[in-house]
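Asker: Could you have a look at this structure, given as structure tokens, before my questions?
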Protein chains: 2
Amino acid sequence: MSLSKDLALKERAARVIPGGMYGHQSVASLPDGFPQFFSKAEGAYLWDADGNRLLDFMCAYGPQLFGYGNPAIDRAYVGQLAIGDAMTGPSYLMVDLAEALVSMISHADWAMFCKNGTDANTIALMIARAHTRRTGVVRARGAYHGAAPWSNPRASGVTQADQADQHLCDYNDVGSLDAAVATAGDNLAAIFAAPFKHDVFVDQMAPTPAFAKRARELADQTGALLVVDDVRGGFRIARDCSWSIVGVQPDLSCWGKCIANGHPISALVGSDKARAAAEAIFATGSYWFAGAAMAASLVTLAMIRDTDYLERIEELGKRFRAGLDERSAAHGFALRQSGPPQMPLLLFNDDPDMRLGYFWSSQMVSRGVYVHPWHNMFLSAAMNEADIDAALDAADASFRALAQAAPRLGPVEKLAKVLAARAR
Amino acid sequence: MSLSKDLALKERAARVIPGGMYGHQSVASLPDGFPQFFSKAEGAYLWDADGNRLLDFMCAYGPQLFGYGNPAIDRAYVGQLAIGDAMTGPSYLMVDLAEALVSMISHADWAMFCKNGTDANTIALMIARAHTRRTGVVRARGAYHGAAPWSNPRASGVTQADQADQHLCDYNDVGSLDAAVATAGDNLAAIFAAPFKHDVFVDQMAPTPAFAKRARELADQTGALLVVDDVRGGFRIARDCSWSIVGVQPDLSCWGKCIANGHPISALVGSDKARAAAEAIFATGSYWFAGAAMAASLVTLAMIRDTDYLERIEELGKRFRAGLDERSAAHGFALRQSGPPQMPLLLFNDDPDMRLGYFWSSQMVSRGVYVHPWHNMFLSAAMNEADIDAALDAADASFRALAQAAPRLGPVEKLAKVLAARAR
């Protein structure tokens, strides 16, 4: 698999883009065989700059749910673009879209639209603070709620004041949740929770009903707002807020990524309790009210409502998971597969510095299957059984190659640096 | 001019959108005749939900520079959408676009892309803090640098910690700039400046060379970074960073709005001095690396480089300004027209509670010309002399109506509330 064009692009990029690339799509901490730049995407597949085709288990880190270039969704985008996108006021589609989200998400009485998941989380925080006239935040250690200074996972450029009044608990640990809320005292504004534990580098974890219910109780007792950050998981877990599966309704939930199948729009929805505070804050952005992504989202939401995409991606995820267990075992490896099958994370047992997972995922990419060694993956409704089976064939060959290479693998230098940075 | 469909939409919106609408495109503090929802945009014109056509002097609050639905720009967007938009990594167009910005903006050695002007400003702040390992910010009182908690113009939902270590000066007042920098002491990370004073409700002001040069000197003396927030003014003042007209190069500048003619992308560019800090921070967003807006931006930047759009919008702005002076005087009114002619603000003399401007702008809208009573406006290269002359005819009729109505106009209740909120 040639990556010569990718290499040439990386050299140009190193001159005009900090680090050659930044953010979650930088491959700086992925194996060398991972291409950085892409030339094409269609259905379940990506093509890198050199024209290598890859079955994509990342789905643009979530946005792609119904296939890259989905004809019906993109037709809606392009059609509205010809009519009116960013204008001096919103298209009337904004009302349709708010009604659609309110009709689909049980706890929602209203919706606001923005562009990033970070926007939705930050607005949620501001609304909780306006609602309570307090400042404290409880959230889980290691959980990602966007890259704003208040939630940024890295220390560089972030001040202590940016992250003042934050109290950390451990996901699913009711005792630690109680303790964090107690530490916030009478200053608690919000409890933030991911729909499930989908932190990088560690096993994923479904929310326990006890944890979710306790979060709801504590919010009610203290008057704080409960926020579910469904940016990553939303509509891949349920056709409603993801905590509907454990019977808990938050006050606010944050949406993005797949709600328009990759077209740029995110949303915050809330209950009537939080409406006055939502009206009190000032939140806006140049392109937040543009019509084309709203048209695309309306079609995407209809497909979420009316198709069996959710059952299908869960089925495909189970097929992938079972096949990986079987093939890894055949080559003498044991995997820890966690998370919902349609948002899987795959780690190797007995692989503390991740040298096995790192080598195996690079083998998968060289065989045309884009998997991630330490971030949860995403399945899409554009995949089918044949795709999964082809991925399992690639997995088999990759486990075989790993079995041969394992004795001479050393620690992964790139990764040691990242893991050290995370351990600040 | 019927607004019955707009009214019906507003009633539906009031149920599912906080306040019926939020952010800079809410018409809650504009006259009743301003439509909230739009059905179409083409060239220099907007159509509201009722089908009323409006010559648009807001240009989507800036993004529209070459006409709504510009064929060449939208063709580039749609073409790249069919190839690959949001993918698991960036399109190689990202490298082309970074190179294009670096080639056009004198101080730029690198570029980062994001989605909102707020993103670009917040990343600039983080980079300045990472670069200096300090926290202090100097910026002008009343200047808008986005809606993040650190820069949000409203108090609701914002904490004191969010805006800690900020020191305010007055735009173009060198003494107050010196004083603010002195207050920051040895903790100054960044000096933020708008390209010109484009605050709402007050006369606009071009930057004096003395102010801009002093900002540069103070940044150099203290080691802080100088940031020009060109989100609103960028490429409407110069084909380079806007402070190039006063001969001052910042370390960082923020871009958005018109850089892809309304397609959703913003950018931060910087000099080599800030490169290491830009590499140190973590900044990202789900759709930041999507290719279609980059393709549209490449075409937009080529038009900025290769056409006389800038001279044309300046000419058109001068024609509008001179015509307004003449026609207002004919009806006994004196205007204060400020800002660059292509980004004009129009206030009435002897109109402390803005009742004259408020009535006049509502008359303009009822005659098919969308002007804003207290926010700077924007001209676009899709306008021509006939459009300006038609706007001046509407202005003449609107001044006549104002002259008749003025004696019985009372204070504007809506506006009193807004002005009080601003005076916090």
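Residues are referred to by chain and number: the chain letter is A, B, ... according to the order shown in the structure tokens, the number counts from 1 in that chain, and ligands are numbered separately from 1 in the order shown.
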Please identify which residues in segment 51-244 of chain A DSSP calls strand (DSSP E or B) from the backbone, and express them as a PyMOL selection string.
Answerer: chain A and resi 53-56+68+91+110-114+136-140+166-169+188-193+197+205+225-229
Asker: Once you have the residues from the selection above, write them out as a JSON list (two decimals), in the first residue's frame, restricted to C-alpha atoms.
Answerer:
[["chain", "number", "residue", "atom", "x", "y", "z"],
["A", 53, "ARG", "CA", -9.59, 2.05, -0.53],
["A", 54, "LEU", "CA", -10.45, 1.56, 3.14],
["A", 55, "LEU", "CA", -13.55, 0.09, 4.77],
["A", 56, "ASP", "CA", -14.07, 2.78, 7.41],
["A", 68, "TYR", "CA", -20.80, 8.84, 2.87],
["A", 91, "SER", "CA", -34.76, 29.56, 6.94],
["A", 110, "TRP", "CA", -37.22, 23.06, 22.76],
["A", 111, "ALA", "CA", -34.10, 22.97, 20.61],
["A", 112, "MET", "CA", -31.21, 25.29, 19.78],
["A", 113, "PHE", "CA", -28.86, 24.75, 16.86],
["A", 114, "CYS", "CA", -25.14, 25.37, 16.67],
["A", 136, "GLY", "CA", -20.22, 24.18, 40.03],
["A", 137, "VAL", "CA", -19.96, 21.26, 37.63],
["A", 138, "VAL", "CA", -19.79, 17.55, 38.35],
["A", 139, "ARG", "CA", -18.51, 15.32, 35.56],
["A", 140, "ALA", "CA", -16.71, 12.02, 35.16],
["A", 166, "GLN", "CA", -15.36, 21.34, 38.69],
["A", 167, "HIS", "CA", -15.77, 18.20, 40.74],
["A", 168, "LEU", "CA", -14.86, 14.84, 39.24],
["A", 169, "CYS", "CA", -16.45, 11.47, 39.84],
["A", 188, "LEU", "CA", -23.86, 22.89, 41.99],
["A", 189, "ALA", "CA", -25.10, 24.08, 38.59],
["A", 190, "ALA", "CA", -24.83, 20.96, 36.44],
["A", 191, "ILE", "CA", -24.10, 17.26, 36.37],
["A", 192, "PHE", "CA", -22.68, 16.28, 32.97],
["A", 193, "ALA", "CA", -22.72, 12.66, 31.84],
["A", 197, "LYS", "CA", -18.33, 5.63, 29.27],
["A", 205, "MET", "CA", -18.86, 0.87, 30.03],
["A", 225, "LEU", "CA", -29.52, 20.52, 35.80],
["A", 226, "LEU", "CA", -28.69, 17.06, 34.48],
["A", 227, "VAL", "CA", -26.97, 17.14, 31.07],
["A", 228, "VAL", "CA", -26.44, 14.09, 28.87],
["A", 229, "ASP", "CA", -23.73, 14.73, 26.29]]
Asker: Going by DSSP on the backbone, which residues of segment 173-334 of chain A come out as alpha helix (DSSP H)? List them as a VMD selection string.
Answerer: chain A and resid 174 to 184 209 to 222 275 to 280 291 to 306 309 to 330
Asker: Considering only C-alpha atoms, state which residue in the set A:Ile265, A:Leu402, A:Ile127, A:Ala180 is at the smallest distance from Ser297 of chain A.
Answerer: A:Ile265
Asker: Write out as a list in words the residues lying within 8 Å of Leu345 of chain B, counting only C-alpha atoms and excluding same-chain residues fewer than 5 positions away.
Answerer: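 My reading of the contact set: Asp203, Gln204, Gln337, Ser338, Gly339, Trp374, His375, Asn376 and Met377 of chain B.
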Asker: What would the file look like if the residues just selected were written as an mmCIF file, in the first residue's frame with all heavy atoms?
Answerer:
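Final output, saved to part15.cif:
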data_model
loop_
_atom_site.group_PDB
_atom_site.id
_atom_site.type_symbol
_atom_site.label_atom_id
_atom_site.label_comp_id
_atom_site.auth_asym_id
_atom_site.auth_seq_id
_atom_site.Cartn_x
_atom_site.Cartn_y
_atom_site.Cartn_z
ATOM 1 N N ASP B 203 -21.001 54.953 17.037
ATOM 2 C CA ASP B 203 -20.260 55.275 15.814
ATOM 3 C C ASP B 203 -19.043 54.361 15.644
ATOM 4 O O ASP B 203 -18.322 54.084 16.602
ATOM 5 C CB ASP B 203 -19.767 56.735 15.868
ATOM 6 C CG ASP B 203 -20.926 57.727 15.894
ATOM 7 O OD1 ASP B 203 -21.964 57.450 15.263
ATOM 8 O OD2 ASP B 203 -20.797 58.761 16.584
ATOM 9 N N GLN B 204 -18.835 53.920 14.422
ATOM 10 C CA GLN B 204 -17.668 53.099 14.108
ATOM 11 C C GLN B 204 -16.439 54.009 14.027
ATOM 12 O O GLN B 204 -16.552 55.224 13.902
ATOM 13 C CB GLN B 204 -17.882 52.375 12.780
ATOM 14 C CG GLN B 204 -19.262 51.727 12.622
ATOM 15 C CD GLN B 204 -19.509 50.580 13.569
ATOM 16 O OE1 GLN B 204 -19.044 49.485 13.347
ATOM 17 N NE2 GLN B 204 -20.238 50.817 14.655
ATOM 18 N N GLN B 337 -22.805 58.830 9.586
ATOM 19 C CA GLN B 337 -22.443 57.596 8.883
ATOM 20 C C GLN B 337 -20.985 57.285 9.194
ATOM 21 O O GLN B 337 -20.106 58.107 8.964
ATOM 22 C CB GLN B 337 -22.654 57.759 7.385
ATOM 23 C CG GLN B 337 -24.105 58.110 7.044
ATOM 24 C CD GLN B 337 -24.395 57.896 5.569
ATOM 25 O OE1 GLN B 337 -24.459 56.771 5.085
ATOM 26 N NE2 GLN B 337 -24.589 58.983 4.856
ATOM 27 N N SER B 338 -20.764 56.086 9.719
ATOM 28 C CA SER B 338 -19.398 55.763 10.150
ATOM 29 C C SER B 338 -19.013 54.373 9.677
ATOM 30 O O SER B 338 -19.828 53.613 9.178
ATOM 31 C CB SER B 338 -19.289 55.871 11.680
ATOM 32 O OG SER B 338 -20.177 54.961 12.304
ATOM 33 N N GLY B 339 -17.739 54.071 9.860
ATOM 34 C CA GLY B 339 -17.210 52.788 9.390
ATOM 35 C C GLY B 339 -16.779 52.910 7.939
ATOM 36 O O GLY B 339 -17.081 53.879 7.266
ATOM 37 N N TRP B 374 -28.832 49.438 14.171
ATOM 38 C CA TRP B 374 -27.752 49.647 15.155
ATOM 39 C C TRP B 374 -26.562 48.696 15.018
ATOM 40 O O TRP B 374 -25.657 48.710 15.853
ATOM 41 C CB TRP B 374 -28.288 49.612 16.588
ATOM 42 C CG TRP B 374 -29.246 48.488 16.919
ATOM 43 C CD1 TRP B 374 -30.607 48.587 16.987
ATOM 44 C CD2 TRP B 374 -28.928 47.123 17.248
ATOM 45 N NE1 TRP B 374 -31.163 47.359 17.315
ATOM 46 C CE2 TRP B 374 -30.153 46.453 17.495
ATOM 47 C CE3 TRP B 374 -27.734 46.402 17.345
ATOM 48 C CZ2 TRP B 374 -30.214 45.098 17.836
ATOM 49 C CZ3 TRP B 374 -27.787 45.039 17.690
ATOM 50 C CH2 TRP B 374 -29.028 44.421 17.934
ATOM 51 N N HIS B 375 -26.546 47.882 13.984
ATOM 52 C CA HIS B 375 -25.408 46.980 13.728
ATOM 53 C C HIS B 375 -24.781 47.418 12.410
ATOM 54 O O HIS B 375 -25.497 47.808 11.493
ATOM 55 C CB HIS B 375 -25.917 45.542 13.620
ATOM 56 C CG HIS B 375 -24.841 44.482 13.579
ATOM 57 N ND1 HIS B 375 -23.968 44.336 12.516
ATOM 58 C CD2 HIS B 375 -24.511 43.512 14.467
ATOM 59 C CE1 HIS B 375 -23.149 43.319 12.766
ATOM 60 N NE2 HIS B 375 -23.452 42.804 13.937
ATOM 61 N N ASN B 376 -23.459 47.337 12.298
ATOM 62 C CA ASN B 376 -22.861 47.696 11.013
ATOM 63 C C ASN B 376 -23.450 46.809 9.917
ATOM 64 O O ASN B 376 -23.806 45.653 10.151
ATOM 65 C CB ASN B 376 -21.332 47.578 11.047
ATOM 66 C CG ASN B 376 -20.827 46.161 10.896
ATOM 67 O OD1 ASN B 376 -20.625 45.483 11.884
ATOM 68 N ND2 ASN B 376 -20.629 45.693 9.673
ATOM 69 N N MET B 377 -23.557 47.382 8.744
ATOM 70 C CA MET B 377 -24.081 46.646 7.596
ATOM 71 C C MET B 377 -22.911 46.173 6.723
ATOM 72 O O MET B 377 -21.749 46.438 7.037
ATOM 73 C CB MET B 377 -25.054 47.542 6.838
ATOM 74 C CG MET B 377 -26.268 47.891 7.702
ATOM 75 S SD MET B 377 -27.500 48.936 6.873
ATOM 76 C CE MET B 377 -26.800 50.567 7.134
#
Asker: For Pro18 of chain A, find every residue with an atom within 12 Å (counting only C-alpha atoms), except residues of its own chain fewer than 2 positions away, and show them as a ChimeraX atom specification.
Answerer: /A:10-16,20-23,26,28 /B:95,98,108-113,127,268-283
Asker: For each of B:Glu311, B:Asp353, B:Asp50, B:Glu385, take the minimum atom-to-atom distance to chain A, counting only C-alpha atoms, then give the residue where this is smallest.
Answerer: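 Smallest separation from chain A among the options: B:Asp50.
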Asker: Go through B:Gly262, B:Gly146, B:Gly234, B:Gly157 one by one, measure the shortest atom-to-atom distance of each to Thr132 of chain A using only C-alpha atoms, and give the residue with the smallest value.
Answerer: B:Gly157
Asker: Interatomic distance between atom CA of Asp6 of chain B and atom CA of Ala293 of chain A?
Answerer: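 Between these atoms lies a distance of 21.1 Å.
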